[in-house]
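Asks: This is data-v4.txt, which holds compact mmCIF, C-alpha atoms:
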```txt
# COMPACT_ATOMS: atom_id res chain seq x y z
CA MET H 1 -20.42 11.79 -67.56
CA SER H 2 -18.58 9.57 -69.97
CA ALA H 3 -16.56 6.68 -68.58
CA MET H 4 -14.14 7.35 -71.43
CA ALA H 5 -13.34 10.81 -70.12
CA PHE H 6 -11.18 9.49 -67.29
CA ARG H 7 -8.44 6.90 -67.28
CA THR H 8 -9.50 3.35 -66.48
CA HIS H 9 -7.66 0.10 -65.77
CA GLU H 10 -8.95 -3.31 -66.82
CA VAL H 11 -8.46 -5.98 -64.16
CA PRO H 12 -9.76 -9.54 -63.82
CA ASP H 13 -13.25 -9.96 -62.34
CA ASP H 14 -11.82 -10.98 -59.00
CA LEU H 15 -12.11 -8.59 -56.06
CA LEU H 16 -9.08 -9.92 -54.21
CA ALA H 17 -7.01 -9.66 -57.36
CA ALA H 18 -8.29 -6.11 -57.80
CA ILE H 19 -7.24 -5.22 -54.28
CA ASP H 20 -3.79 -6.61 -55.02
CA TYR H 21 -3.75 -4.63 -58.27
CA CYS H 22 -4.33 -1.42 -56.28
CA TYR H 23 -1.40 -2.34 -54.06
CA ASP H 24 0.76 -3.00 -57.09
CA GLN H 25 -0.08 0.42 -58.52
CA GLY H 26 1.00 2.14 -55.28
CA TRP H 27 -2.47 3.52 -54.65
CA THR H 28 -2.90 2.57 -51.01
CA ASP H 29 -1.98 3.87 -47.57
CA GLY H 30 -0.73 0.42 -46.65
CA LEU H 31 -4.17 -0.95 -45.91
CA PRO H 32 -6.37 -2.67 -48.50
CA VAL H 33 -8.62 -0.36 -50.49
CA VAL H 34 -12.00 -0.85 -52.08
CA PRO H 35 -11.30 -1.24 -55.82
CA PRO H 36 -12.70 1.89 -57.49
CA VAL H 37 -15.10 0.23 -59.88
CA VAL H 38 -16.93 2.48 -62.30
CA ASP H 39 -20.41 2.11 -60.83
CA ARG H 40 -19.32 3.01 -57.31
CA VAL H 41 -17.47 6.07 -58.52
CA LYS H 42 -20.53 7.22 -60.44
CA ALA H 43 -22.67 6.74 -57.34
CA MET H 44 -20.18 8.80 -55.33
CA LEU H 45 -20.29 11.58 -57.90
CA GLY H 46 -24.07 11.62 -57.57
CA ALA H 47 -23.61 13.33 -54.21
CA ASP H 48 -22.38 16.51 -55.92
CA SER H 49 -24.36 18.18 -58.66
CA ARG H 50 -21.39 19.77 -60.40
CA PRO H 51 -19.60 18.31 -63.45
CA PRO H 52 -17.04 15.64 -62.50
CA ASP H 53 -14.17 17.59 -64.02
CA THR H 54 -14.82 20.50 -61.65
CA VAL H 55 -11.55 21.40 -59.94
CA ILE H 56 -11.94 21.77 -56.16
CA ALA H 57 -8.31 22.15 -55.09
CA LYS H 58 -4.90 22.87 -56.59
CA HIS H 59 -1.49 21.83 -55.38
CA PRO H 60 0.69 24.93 -55.32
CA ALA H 61 4.03 23.14 -55.68
CA THR H 62 3.27 20.61 -58.40
CA GLY H 63 0.37 22.26 -60.19
CA LEU H 64 -1.69 19.08 -59.85
CA ASP H 65 -5.44 19.61 -59.64
CA LEU H 66 -8.06 17.74 -57.67
CA SER H 67 -11.23 17.18 -59.68
CA LEU H 68 -14.48 15.95 -58.22
CA HIS H 69 -13.91 12.78 -60.22
CA ALA H 70 -10.52 12.05 -58.68
CA ALA H 71 -11.91 12.85 -55.24
CA ALA H 72 -14.73 10.39 -55.82
CA VAL H 73 -12.37 7.63 -56.94
CA ASN H 74 -10.32 8.01 -53.80
CA ALA H 75 -13.42 8.25 -51.61
CA VAL H 76 -14.58 4.91 -52.99
CA MET H 77 -11.16 3.42 -52.31
CA ALA H 78 -11.29 4.69 -48.73
CA GLY H 79 -14.63 2.99 -48.16
CA CYS H 80 -16.82 6.10 -48.14
CA LEU H 81 -20.54 5.98 -48.81
CA PRO H 82 -21.84 8.61 -51.26
CA GLU H 83 -23.41 10.62 -48.47
CA TYR H 84 -19.95 11.17 -46.98
CA PHE H 85 -18.65 12.72 -50.19
CA PRO H 86 -19.84 16.30 -49.49
CA VAL H 87 -17.66 16.33 -46.38
CA VAL H 88 -14.58 15.22 -48.33
CA VAL H 89 -15.26 17.86 -50.98
CA SER H 90 -15.77 20.66 -48.45
CA ALA H 91 -12.63 19.64 -46.60
CA PHE H 92 -10.52 20.07 -49.72
CA GLU H 93 -12.22 23.32 -50.66
CA ALA H 94 -11.28 24.58 -47.19
CA MET H 95 -7.71 23.28 -47.46
CA ASP H 96 -7.37 24.88 -50.87
CA LYS H 97 -7.41 28.31 -49.24
CA PRO H 98 -3.83 29.64 -49.35
CA ASP H 99 -3.47 30.16 -45.62
CA PHE H 100 -3.96 26.46 -44.98
CA ASN H 101 -0.78 25.80 -46.97
CA PHE H 102 -1.50 22.16 -47.45
CA HIS H 103 1.63 21.54 -49.48
CA GLY H 104 3.86 22.60 -46.60
CA SER H 105 1.82 20.92 -43.91
CA THR H 106 1.79 17.59 -45.74
CA ALA H 107 5.38 17.66 -47.02
CA SER H 108 7.09 18.83 -43.85
CA THR H 109 9.28 16.87 -41.46
CA GLY H 110 6.79 18.13 -38.87
CA GLY H 111 4.43 15.35 -39.88
CA SER H 112 1.06 16.98 -39.43
CA ALA H 113 -2.15 15.40 -40.65
CA PRO H 114 -5.31 17.27 -41.64
CA LEU H 115 -7.72 17.00 -38.72
CA LEU H 116 -11.31 17.40 -39.92
CA ILE H 117 -14.00 18.50 -37.47
CA VAL H 118 -17.54 18.18 -38.78
CA SER H 119 -20.05 20.45 -37.09
CA GLY H 120 -23.81 20.63 -37.44
CA PRO H 121 -26.70 18.39 -38.38
CA TYR H 122 -24.98 16.73 -41.31
CA ALA H 123 -22.75 14.84 -38.89
CA ASP H 124 -25.79 13.05 -37.46
CA ALA H 125 -27.33 12.69 -40.90
CA ILE H 126 -24.44 10.50 -42.00
CA ASN H 127 -24.07 8.76 -38.63
CA MET H 128 -20.74 10.24 -37.67
CA ASN H 129 -19.38 9.62 -34.20
CA ALA H 130 -19.02 12.53 -31.78
CA ASP H 131 -19.26 10.34 -28.71
CA VAL H 132 -17.37 7.50 -27.03
CA ASN H 133 -14.11 6.56 -28.77
CA LEU H 134 -14.28 9.85 -30.62
CA PHE H 135 -10.96 9.55 -32.43
CA GLY H 136 -11.66 5.94 -33.26
CA PRO H 137 -11.68 3.30 -34.24
CA GLY H 138 -15.12 2.02 -35.04
CA ASN H 139 -17.19 4.46 -37.06
CA ARG H 140 -17.33 4.14 -40.83
CA ALA H 141 -17.97 7.79 -41.64
CA ASN H 142 -15.25 9.17 -39.38
CA SER H 143 -12.74 6.56 -40.48
CA THR H 144 -13.31 6.67 -44.20
CA ILE H 145 -13.71 10.44 -44.62
CA GLY H 146 -10.35 10.88 -42.91
CA ARG H 147 -8.86 8.09 -44.96
CA ALA H 148 -10.16 9.56 -48.21
CA THR H 149 -8.36 12.77 -47.31
CA ARG H 150 -5.08 10.89 -47.01
CA LEU H 151 -5.60 8.89 -50.20
CA ILE H 152 -6.27 12.09 -52.14
CA LEU H 153 -3.11 13.66 -50.77
CA ARG H 154 -1.22 10.54 -51.77
CA ASN H 155 -2.72 9.68 -55.12
CA VAL H 156 -3.81 13.00 -56.55
CA PHE H 157 -1.25 15.33 -55.06
CA GLN H 158 1.52 12.73 -54.94
CA MET H 159 2.47 13.40 -51.33
CA LEU H 160 4.32 10.12 -51.11
CA PRO H 161 5.95 9.03 -47.83
CA GLY H 162 9.71 9.37 -48.03
CA ILE H 163 9.63 11.14 -51.39
CA SER H 164 7.46 14.23 -51.17
CA ASP H 165 6.12 13.64 -47.66
CA LYS H 166 9.26 13.94 -45.54
CA SER H 167 7.67 13.58 -42.13
CA THR H 168 10.34 12.58 -39.63
CA GLN H 169 8.15 10.21 -37.63
CA GLY H 170 4.79 10.29 -39.40
CA ASN H 171 1.58 10.55 -37.45
CA PRO H 172 -1.18 8.00 -36.79
CA GLY H 173 -3.59 10.68 -37.97
CA LYS H 174 -2.13 10.31 -41.44
CA TYR H 175 -4.27 7.19 -41.80
CA SER H 176 -7.40 9.06 -40.75
CA PHE H 177 -8.08 12.08 -38.52
CA CYS H 178 -11.73 13.01 -38.62
CA ILE H 179 -14.28 13.62 -35.88
CA ALA H 180 -17.70 15.13 -35.39
CA GLU H 181 -18.37 17.86 -32.88
CA ARG H 182 -20.67 16.61 -30.16
CA ALA H 183 -23.96 18.52 -30.24
CA ARG H 184 -25.73 16.43 -27.61
CA GLY H 185 -25.34 18.14 -24.27
CA ASN H 186 -23.01 20.79 -25.66
CA PRO H 187 -23.60 23.99 -23.70
CA TRP H 188 -21.84 26.22 -26.21
CA PRO H 189 -22.83 27.28 -29.72
CA LEU H 190 -21.67 24.77 -32.30
CA LEU H 191 -18.67 25.64 -34.42
CA CYS H 192 -20.81 25.97 -37.55
CA GLU H 193 -22.85 28.64 -35.77
CA VAL H 194 -19.79 30.51 -34.53
CA GLN H 195 -18.37 30.34 -38.04
CA GLY H 196 -21.43 32.22 -39.27
CA TYR H 197 -23.18 29.62 -41.38
CA ALA H 198 -26.92 29.76 -41.82
CA LYS H 199 -29.06 27.68 -39.50
CA GLY H 200 -29.13 24.11 -40.70
CA THR H 201 -25.86 24.43 -42.61
CA SER H 202 -23.07 22.20 -41.41
CA SER H 203 -19.36 22.88 -41.72
CA VAL H 204 -16.06 21.12 -41.78
CA THR H 205 -12.99 22.65 -40.18
CA ALA H 206 -9.56 21.57 -41.42
CA TYR H 207 -6.55 21.92 -39.14
CA ALA H 208 -3.01 20.69 -39.68
CA GLY H 209 -2.70 18.66 -36.50
CA GLY H 210 0.73 17.75 -35.24
CA GLY H 211 -0.33 14.84 -33.07
CA PHE H 212 -2.57 14.07 -30.14
CA CYS H 213 -2.00 14.87 -26.47
CA ASN H 214 -4.33 13.30 -23.92
CA VAL H 215 -5.15 15.57 -20.97
CA GLU H 216 -6.17 13.51 -17.96
CA ASN H 217 -7.67 15.15 -14.92
CA HIS H 218 -10.07 13.23 -12.70
CA GLY H 219 -9.55 15.29 -9.57
CA GLY H 220 -10.08 18.84 -10.72
CA ASN H 221 -13.56 20.23 -10.18
CA THR H 222 -13.22 23.87 -11.14
CA PRO H 223 -12.70 25.44 -14.59
CA GLU H 224 -9.31 26.69 -13.47
CA GLN H 225 -8.17 23.20 -12.48
CA VAL H 226 -9.47 21.46 -15.58
CA LEU H 227 -8.38 24.12 -18.04
CA GLY H 228 -5.14 24.57 -16.14
CA SER H 229 -4.29 20.98 -17.06
CA VAL H 230 -5.09 21.71 -20.68
CA ALA H 231 -3.00 24.88 -20.66
CA ASP H 232 -0.05 22.98 -19.23
CA ALA H 233 -0.27 20.49 -22.11
CA MET H 234 -0.48 23.36 -24.59
CA ALA H 235 2.62 24.97 -23.14
CA ASN H 236 4.86 21.93 -22.79
CA TYR H 237 8.29 22.63 -24.18
CA GLY H 238 7.90 20.09 -26.93
CA CYS H 239 4.71 21.69 -28.23
CA ILE H 240 4.77 25.38 -27.48
CA THR H 241 4.94 27.62 -30.55
CA LEU H 242 3.03 30.60 -31.86
CA GLY H 243 0.75 28.14 -33.63
CA GLN H 244 -2.94 27.57 -33.21
CA ALA H 245 -4.48 24.92 -31.00
CA VAL H 246 -7.43 22.55 -30.96
CA VAL H 247 -8.85 21.46 -27.63
CA ILE H 248 -11.60 18.85 -27.43
CA LEU H 249 -13.09 18.84 -23.96
CA ALA H 250 -14.53 15.61 -22.66
CA PRO H 251 -18.14 15.95 -21.52
CA GLU H 252 -17.07 15.54 -17.87
CA HIS H 253 -14.65 18.41 -18.20
CA MET H 254 -17.09 20.50 -20.19
CA GLN H 255 -19.70 20.03 -17.48
CA ILE H 256 -17.34 21.47 -14.88
CA VAL H 257 -16.50 24.44 -17.08
CA ALA H 258 -20.05 25.18 -18.22
CA GLU H 259 -21.75 24.70 -14.85
CA ALA H 260 -19.47 27.41 -13.50
CA GLY H 261 -20.96 29.66 -16.19
CA TRP H 262 -17.90 29.91 -18.40
CA THR H 263 -18.41 30.73 -22.05
CA ARG H 264 -16.19 29.53 -24.87
CA GLU H 265 -14.62 32.99 -25.01
CA GLN H 266 -13.76 32.91 -21.32
CA ALA H 267 -12.20 29.49 -21.70
CA GLN H 268 -10.18 30.66 -24.70
CA ALA H 269 -8.92 33.70 -22.78
CA PHE H 270 -7.98 31.55 -19.78
CA LEU H 271 -6.10 29.04 -21.93
CA PHE H 272 -4.26 31.77 -23.82
CA SER H 273 -3.22 33.54 -20.64
CA GLN H 274 -2.08 30.31 -18.93
CA ALA H 275 -0.47 28.42 -21.81
CA LYS H 276 2.88 30.16 -21.61
CA ARG H 277 6.55 29.72 -20.83
CA SER H 278 9.01 32.27 -19.55
CA VAL H 279 11.60 33.72 -21.90
CA GLU H 280 14.31 32.27 -19.66
CA GLY H 281 12.72 28.84 -19.83
CA MET H 282 12.44 29.00 -23.59
CA LYS H 283 16.07 30.03 -23.80
CA GLY H 284 16.95 27.15 -21.51
CA VAL H 285 15.63 24.59 -23.98
CA GLY H 286 16.97 26.44 -27.01
CA LYS H 287 13.58 27.38 -28.45
CA TYR H 288 13.53 31.13 -27.85
CA ARG H 289 13.58 33.44 -30.86
CA ASP H 290 13.46 37.23 -30.74
CA ARG H 291 11.44 37.35 -33.90
CA GLU H 292 8.66 35.20 -32.47
CA TYR H 293 8.58 37.08 -29.19
CA ASP H 294 8.34 40.37 -31.07
CA THR H 295 5.50 39.01 -33.19
CA GLN H 296 3.57 38.15 -30.06
CA HIS H 297 4.37 41.28 -28.08
CA GLY H 298 4.89 43.95 -30.72
CA GLU H 299 2.41 46.26 -32.34
CA GLY H 300 -1.10 44.86 -32.18
CA ALA H 301 -0.23 42.38 -29.44
CA HIS H 302 -3.12 40.93 -27.51
CA ALA H 303 -3.64 42.46 -24.07
CA LEU H 304 -3.25 39.04 -22.43
CA ALA H 305 0.24 38.54 -23.86
CA GLU H 306 2.39 38.90 -20.75
CA THR H 307 5.76 40.58 -20.89
CA GLY H 308 8.58 38.12 -20.35
CA PHE H 309 6.54 35.12 -21.48
CA VAL H 310 5.94 33.26 -24.71
CA HIS H 311 2.31 32.20 -25.08
CA ARG H 312 0.83 29.56 -27.33
CA GLY H 313 -0.73 31.35 -30.32
CA LEU H 314 -1.21 35.05 -30.90
CA THR H 315 -4.73 35.53 -29.55
CA PRO H 316 -7.34 33.57 -27.61
CA GLU H 317 -9.21 33.06 -30.89
CA ASP H 318 -6.31 30.92 -32.06
CA ILE H 319 -7.61 28.22 -29.72
CA LEU H 320 -10.52 26.20 -31.08
CA ILE H 321 -12.41 24.59 -28.21
CA THR H 322 -15.38 22.30 -28.41
CA MET H 323 -16.73 19.12 -26.86
CA GLY H 324 -16.41 15.51 -27.91
CA GLY H 325 -16.14 12.02 -26.55
CA GLY H 326 -18.03 9.70 -24.27
CA ASP H 327 -19.87 10.63 -21.09
CA ALA H 328 -17.44 8.82 -18.81
CA GLY H 329 -13.87 9.84 -18.17
CA GLY H 330 -11.85 12.94 -17.41
CA HIS H 331 -9.93 12.69 -20.67
CA SER H 332 -9.79 15.71 -22.91
CA CYS H 333 -7.19 16.33 -25.56
CA PHE H 334 -5.01 19.03 -27.01
CA ILE H 335 -3.92 18.79 -30.62
CA PRO H 336 -0.86 20.92 -31.42
CA SER H 337 -0.49 22.66 -34.71
CA TRP H 338 1.95 21.62 -37.37
CA SER H 339 5.53 22.02 -36.30
CA ARG H 340 6.80 25.45 -35.44
CA GLY H 341 4.07 27.92 -35.73
CA ARG H 342 1.81 29.64 -38.14
CA GLY H 343 2.70 28.01 -41.42
CA SER H 344 -0.84 26.68 -41.63
CA ILE H 345 -3.95 28.44 -40.39
CA MET H 346 -7.11 26.40 -39.87
CA GLN H 347 -9.88 26.88 -42.41
CA HIS H 348 -13.52 25.88 -42.66
CA GLY H 349 -16.15 25.47 -45.31
CA ALA H 350 -19.85 24.77 -45.64
CA ILE H 351 -20.98 21.24 -46.40
CA ARG H 352 -23.24 21.10 -49.45
CA ALA H 353 -25.77 18.52 -48.38
CA PRO H 354 -27.22 16.65 -51.40
CA GLN H 355 -30.71 17.85 -52.34
CA MET Q 1 -13.67 -5.32 -64.08
CA GLN Q 2 -12.91 -1.72 -64.86
CA LEU Q 3 -11.27 0.54 -62.24
CA TYR Q 4 -10.89 4.27 -62.43
CA SER Q 5 -7.45 5.70 -61.87
CA PRO Q 6 -7.23 7.64 -58.58
CA LEU Q 7 -4.49 9.92 -59.91
CA SER Q 8 -4.84 13.53 -60.99
CA THR Q 9 -5.80 13.94 -64.62
CA THR Q 10 -3.91 17.21 -64.91
CA PRO Q 11 -0.36 17.07 -66.20
CA ARG Q 12 2.36 18.00 -63.77
CA ARG Q 13 3.51 21.56 -64.11
CA LYS Q 14 6.80 21.67 -65.96
CA ALA Q 15 9.49 23.23 -63.82
CA VAL Q 16 11.99 25.28 -65.77
CA ARG Q 17 15.41 26.09 -64.45
CA ALA Q 18 16.69 29.60 -64.76
CA PRO Q 19 19.46 29.86 -67.35
CA ALA Q 20 22.92 29.55 -65.88
CA LEU Q 21 24.83 32.80 -65.45
CA PRO Q 22 27.74 33.03 -67.88
CA LYS Q 23 29.96 34.19 -65.01
CA ILE Q 24 29.54 35.10 -61.37
CA ASP Q 25 32.61 37.24 -60.76
CA GLY Q 26 31.65 40.60 -59.31
CA LEU Q 27 27.91 39.99 -59.37
CA ARG Q 28 25.39 41.26 -56.84
CA ILE Q 29 23.93 38.69 -54.43
CA GLY Q 30 20.55 38.66 -52.75
CA ILE Q 31 19.75 36.41 -49.83
CA LEU Q 32 16.25 35.09 -49.28
CA GLU Q 33 15.99 33.56 -45.83
CA ASN Q 34 12.95 31.52 -44.99
CA GLY Q 35 12.55 32.14 -41.28
CA LYS Q 36 13.85 28.77 -40.18
CA LEU Q 37 16.24 28.50 -37.29
CA ASN Q 38 19.80 29.01 -38.60
CA ALA Q 39 18.67 29.90 -42.14
CA GLU Q 40 20.07 33.40 -42.05
CA GLU Q 41 23.37 32.25 -40.53
CA MET Q 42 23.82 29.47 -43.07
CA LEU Q 43 22.95 31.65 -46.06
CA ASN Q 44 25.27 34.42 -44.90
CA GLU Q 45 28.08 31.88 -44.72
CA VAL Q 46 27.34 30.76 -48.27
CA ALA Q 47 27.22 34.35 -49.48
CA ALA Q 48 30.55 35.05 -47.77
CA LEU Q 49 32.14 32.33 -49.90
CA PHE Q 50 30.91 34.04 -53.07
CA VAL Q 51 32.31 37.32 -51.81
CA GLN Q 52 35.63 35.77 -50.93
CA ARG Q 53 36.09 33.63 -54.03
CA HIS Q 54 34.37 35.66 -56.73
CA GLY Q 55 34.35 39.25 -55.55
CA CYS Q 56 30.57 39.34 -55.31
CA THR Q 57 28.73 41.89 -53.20
CA VAL Q 58 25.81 41.17 -50.93
CA ARG Q 59 23.12 43.71 -51.73
CA THR Q 60 20.01 42.66 -49.91
CA LEU Q 61 18.56 40.31 -47.35
CA ALA Q 62 14.92 39.46 -47.87
CA SER Q 63 12.82 37.33 -45.57
CA LYS Q 64 9.69 35.31 -45.90
CA LYS Q 65 7.55 34.27 -43.00
CA ASN Q 66 6.56 30.87 -44.26
CA ALA Q 67 9.35 28.48 -45.20
CA SER Q 68 7.12 26.14 -47.20
CA ALA Q 69 5.14 28.70 -49.18
CA PRO Q 70 6.48 30.56 -52.21
CA ALA Q 71 8.00 33.97 -51.57
CA PRO Q 72 5.48 36.75 -52.18
CA SER Q 73 5.76 37.95 -55.77
CA ASN Q 74 6.37 41.53 -54.70
CA THR Q 75 9.38 40.36 -52.66
CA LEU Q 76 10.84 38.62 -55.69
CA THR Q 77 10.05 41.53 -57.98
CA THR Q 78 11.79 43.98 -55.68
CA VAL Q 79 14.81 41.79 -55.12
CA ALA Q 80 15.19 41.01 -58.83
CA GLN Q 81 15.82 44.67 -59.55
CA GLU Q 82 18.67 44.86 -57.07
CA VAL Q 83 20.61 41.66 -57.55
CA ASP Q 84 22.00 39.36 -60.22
CA PHE Q 85 21.30 36.13 -58.38
CA LEU Q 86 19.58 34.99 -55.23
CA ILE Q 87 20.64 32.44 -52.65
CA THR Q 88 18.00 30.59 -50.69
CA GLY Q 89 17.65 27.32 -48.87
CA LEU Q 90 16.56 25.68 -45.63
CA GLY Q 91 18.43 26.28 -42.44
CA ASP Q 92 17.49 23.42 -40.12
```
Would you kindly transcribe this structure into structure tokens?
Replies:
Amino acid sequence: MSAMAFRTHEVPDDLLAAIDYCYDQGWTDGLPVVPPVVDRVKAMLGADSRPPDTVIAKHPATGLDLSLHAAAVNAVMAGCLPEYFPVVVSAFEAMDKPDFNFHGSTASTGGSAPLLIVSGPYADAINMNADVNLFGPGNRANSTIGRATRLILRNVFQMLPGISDKSTQGNPGKYSFCIAERARGNPWPLLCEVQGYAKGTSSVTAYAGGGFCNVENHGGNTPEQVLGSVADAMANYGCITLGQAVVILAPEHMQIVAEAGWTREQAQAFLFSQAKRSVEGMKGVGKYRDREYDTQHGEGAHALAETGFVHRGLTPEDILITMGGGDAGGHSCFIPSWSRGRGSIMQHGAIRAPQ
Amino acid sequence: MQLYSPLSTTPRRKAVRAPALPKIDGLRIGILENGKLNAEEMLNEVAALFVQRHGCTVRTLASKKNASAPAPSNTLTTVAQEVDFLITGLGD
């Protein structure tokens, strides 16, 4: 790779001045960045064997491309180590799939942020956190992979707050929104296995997350009680749409569900059947639409879609469920999808671990 | 100290406006609604003004499921054969 092939900026040999320079250029998310010096960018690029001008994602509205080189520059700025880079790359390759619609999900008033869920052995290999304080703060890999995602959206794709990112209220996840799936003690197959990747291959799932809803239940001791709390969160009038859902069960909650013998598929079916609102109720809050009801109940409708009710999602498979968080506490979470429905469909991709 | 630019190295795609119609009197209108709440109502109101003021006729109403994604090319191709201009916009 030639350093001359990509644009450079000369700044004084003073790190604090370089940080200020990055601010002055409008390259940050509001927090200080690591100045993207040439050597660090080259080291980052060493984690991917392809040429640095390889395009890994395209912005459909502006025509701007994301090259490996630009991804590496932003990963350095976010504070990533080179071994994190394959996750950043796979995340954008997943988001580049048309059904993710990352232009819409990042530009919208709905204010979603790409949630990344890393599944498989690579999460441990780079010391990601799947345990206590799952959503942060505190872990470098989780924090900086998520932050690199935002910096790329900002710097490469020019999704600038207030200009091209019109989110009404923003979203704390727009700073960073990245977790690892907890493998330790997880009674269900890992996501990377369910997604069909070969043994030993890790994956990253990208989901346009519209926020974070804590689901507290310390008294329930049956799957129906625990998941009933989750379903209620999924169906609250502020959140319910035909969109997908992500549910991260705390280990305490997962233990209750799994010890009763429930599989992931059973839990998905229960949540789909219970996360619903009546047509009258939806009309009462002004959110009912014939078109959406017909989509859910028309030809090809899932057998669990109950007449007279609007469910969250179209099928149980629309609900991603896995485990994460610390051993103590009856705190799970539900993460709603972007805004009003199915404008973005979650995608996943294999992580190319460096050889 | 030398820093790499974090920006895209590809030039922005140049957006080109469609040429203005020399006149709109009596032309055929298409409506492309984007699925948002109130979009169809608002666009019909706009179309009604063209009908009232310029003698236009509304020929077709096309829909797209995703407000923030481009309309499918086959939708645009079909509509283009039936109308002289298309009205679209958000309806929030």
Asks: So how far away is atom CA of Q:Asn34 from atom CA of Q:Thr88, in Å?
Replies: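 Spanning atom CA of Q:Thr88 to atom CA of Q:Asn34 is a straight-line distance of 7.7 Å.
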Asks: For stretch 15-19 of chain Q, list every protein, DNA or RNA residue within 10 Å, evaluated using all atoms listed in the file, and leave out those in the same chain fewer than 5 positions away; present the list as a tab-separated table (two decimals) with C-alpha atoms, keeping the file's coordinate frame.
Replies:
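Wrote it out as selection.tsv, contents follow:
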```tsv
chain	number	residue	atom	x	y	z
H	61	ALA	CA	4.03	23.14	-55.68
H	62	THR	CA	3.27	20.61	-58.40
H	63	GLY	CA	0.37	22.26	-60.19
```
Asks: Please identify all polymer residues within 9 Å of H:Arg40, counting all atoms listed in the file, omitting same-chain residues fewer than 2 positions from it, and present them as number ranges by chain.
Replies: H: 36-38, 42-45, 72-73, 76, 82
Asks: Write out as a list in words the residues lying within 9 Å of Q:Phe85, counting all atoms listed in the file and excluding same-chain residues fewer than 4 positions away.
Replies: Leu21, Ile24, Leu27, Arg28, Ile29, Gly30, Ile31 and Ala80 of chain Q
Asks: Chain H near chain Q within 9 Å: what's each residue's closest atom pair and its distance in Å to one decimal, counting only C-alpha atoms, ordered by chain then ascending residue number, as CSV?
Replies:
```
residue,atom,partner,partner_atom,distance
H:Ala3,CA,Q:Tyr4,CA,8.7
H:Phe6,CA,Q:Tyr4,CA,7.1
H:Arg7,CA,Q:Ser5,CA,5.6
H:Thr8,CA,Q:Tyr4,CA,4.4
H:His9,CA,Q:Leu3,CA,5.1
H:Glu10,CA,Q:Gln2,CA,4.7
H:Val11,CA,Q:Met1,CA,5.3
H:Pro12,CA,Q:Met1,CA,5.8
H:Asp13,CA,Q:Met1,CA,5.0
H:Asp14,CA,Q:Met1,CA,7.8
H:Leu15,CA,Q:Met1,CA,8.8
H:Ala18,CA,Q:Met1,CA,8.3
H:Trp27,CA,Q:Pro6,CA,7.4
H:Pro35,CA,Q:Leu3,CA,6.7
H:Pro36,CA,Q:Leu3,CA,5.1
H:Val37,CA,Q:Leu3,CA,4.5
H:Val38,CA,Q:Leu3,CA,6.0
H:Val41,CA,Q:Tyr4,CA,7.9
H:Pro60,CA,Q:Ala69,CA,8.5
H:Ala61,CA,Q:Pro70,CA,8.5
H:Thr62,CA,Q:Arg13,CA,5.8
H:Gly63,CA,Q:Arg13,CA,5.1
H:Leu64,CA,Q:Arg12,CA,5.7
H:Asp65,CA,Q:Thr10,CA,6.0
H:Leu66,CA,Q:Ser8,CA,6.3
H:Ser67,CA,Q:Ser8,CA,7.5
H:His69,CA,Q:Pro6,CA,8.6
H:Ala70,CA,Q:Pro6,CA,5.5
H:Ala71,CA,Q:Pro6,CA,7.8
H:Ala72,CA,Q:Pro6,CA,8.5
H:Val73,CA,Q:Pro6,CA,5.4
H:Asn74,CA,Q:Pro6,CA,5.7
H:Met77,CA,Q:Pro6,CA,8.5
H:Asn101,CA,Q:Ala69,CA,7.0
H:His103,CA,Q:Ser68,CA,7.5
H:Gly104,CA,Q:Ser68,CA,4.8
H:Ser105,CA,Q:Ser68,CA,8.1
H:Ala107,CA,Q:Ser68,CA,8.7
H:Ser108,CA,Q:Ser68,CA,8.0
H:Leu151,CA,Q:Pro6,CA,8.6
H:Ile152,CA,Q:Pro6,CA,7.9
H:Arg154,CA,Q:Leu7,CA,8.8
H:Asn155,CA,Q:Leu7,CA,5.1
H:Val156,CA,Q:Ser8,CA,4.6
H:Phe157,CA,Q:Ser8,CA,7.2
H:Gln158,CA,Q:Leu7,CA,8.3
H:Arg289,CA,Q:Leu37,CA,8.5
H:Arg342,CA,Q:Asn66,CA,7.8
H:Gly343,CA,Q:Asn66,CA,5.6
H:Ser344,CA,Q:Asn66,CA,8.9
```
Asks: Compare H:Gly228, H:Gly243, H:Gly136, H:Pro189 by their minimum atom-to-atom distance to H:Thr263, counting all atoms listed in the file, and give me the closest one.
Replies: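 Among H:Gly228, H:Gly243, H:Gly136, H:Pro189, it is H:Pro189 that comes nearest to H:Thr263.
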Asks: Kindly list the centre and edge lengths in Å, rounded to one decimal, for the axis-aligned box that covers all listed atoms of stretch 29-41 of chain Q plus 4 Å on each of its six sides, as JSON.
Replies:
```
{"center_x": 18.2, "center_y": 33.6, "center_z": -45.9, "size_x": 19.4, "size_y": 18.2, "size_z": 25.1}
```
Asks: May I ask which of the residues H:Pro86, H:Gly326, H:Gly79, H:Gly210 is the closest one to H:Ile126, counting all atoms listed in the file?
Replies: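 Among the listed residues, H:Pro86 lies closest to H:Ile126.
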Asks: Let me make sure I understand: among H:Ala123, H:His311, H:Arg147, H:Asp99, which one has the smallest atom-to-atom distance to H:Gly30 if we use all atoms listed in the file?
Replies: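 Smallest distance to H:Gly30 is found for H:Arg147.
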Asks: Please determine, counting only C-alpha atoms, which residue among H:Gly300, H:Gly211, H:Gly146, H:Pro223 has the shortest atom-to-atom distance to H:Met128.
Replies: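 Result for the nearest residue to H:Met128: H:Gly146.
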Asks: Could you tell me how far atom CA of H:Val215 sits from atom CA of H:Val230, in Å to one decimal place?
Replies: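 Straight-line distance from atom CA of H:Val230 to atom CA of H:Val215 works out to 6.1 Å.
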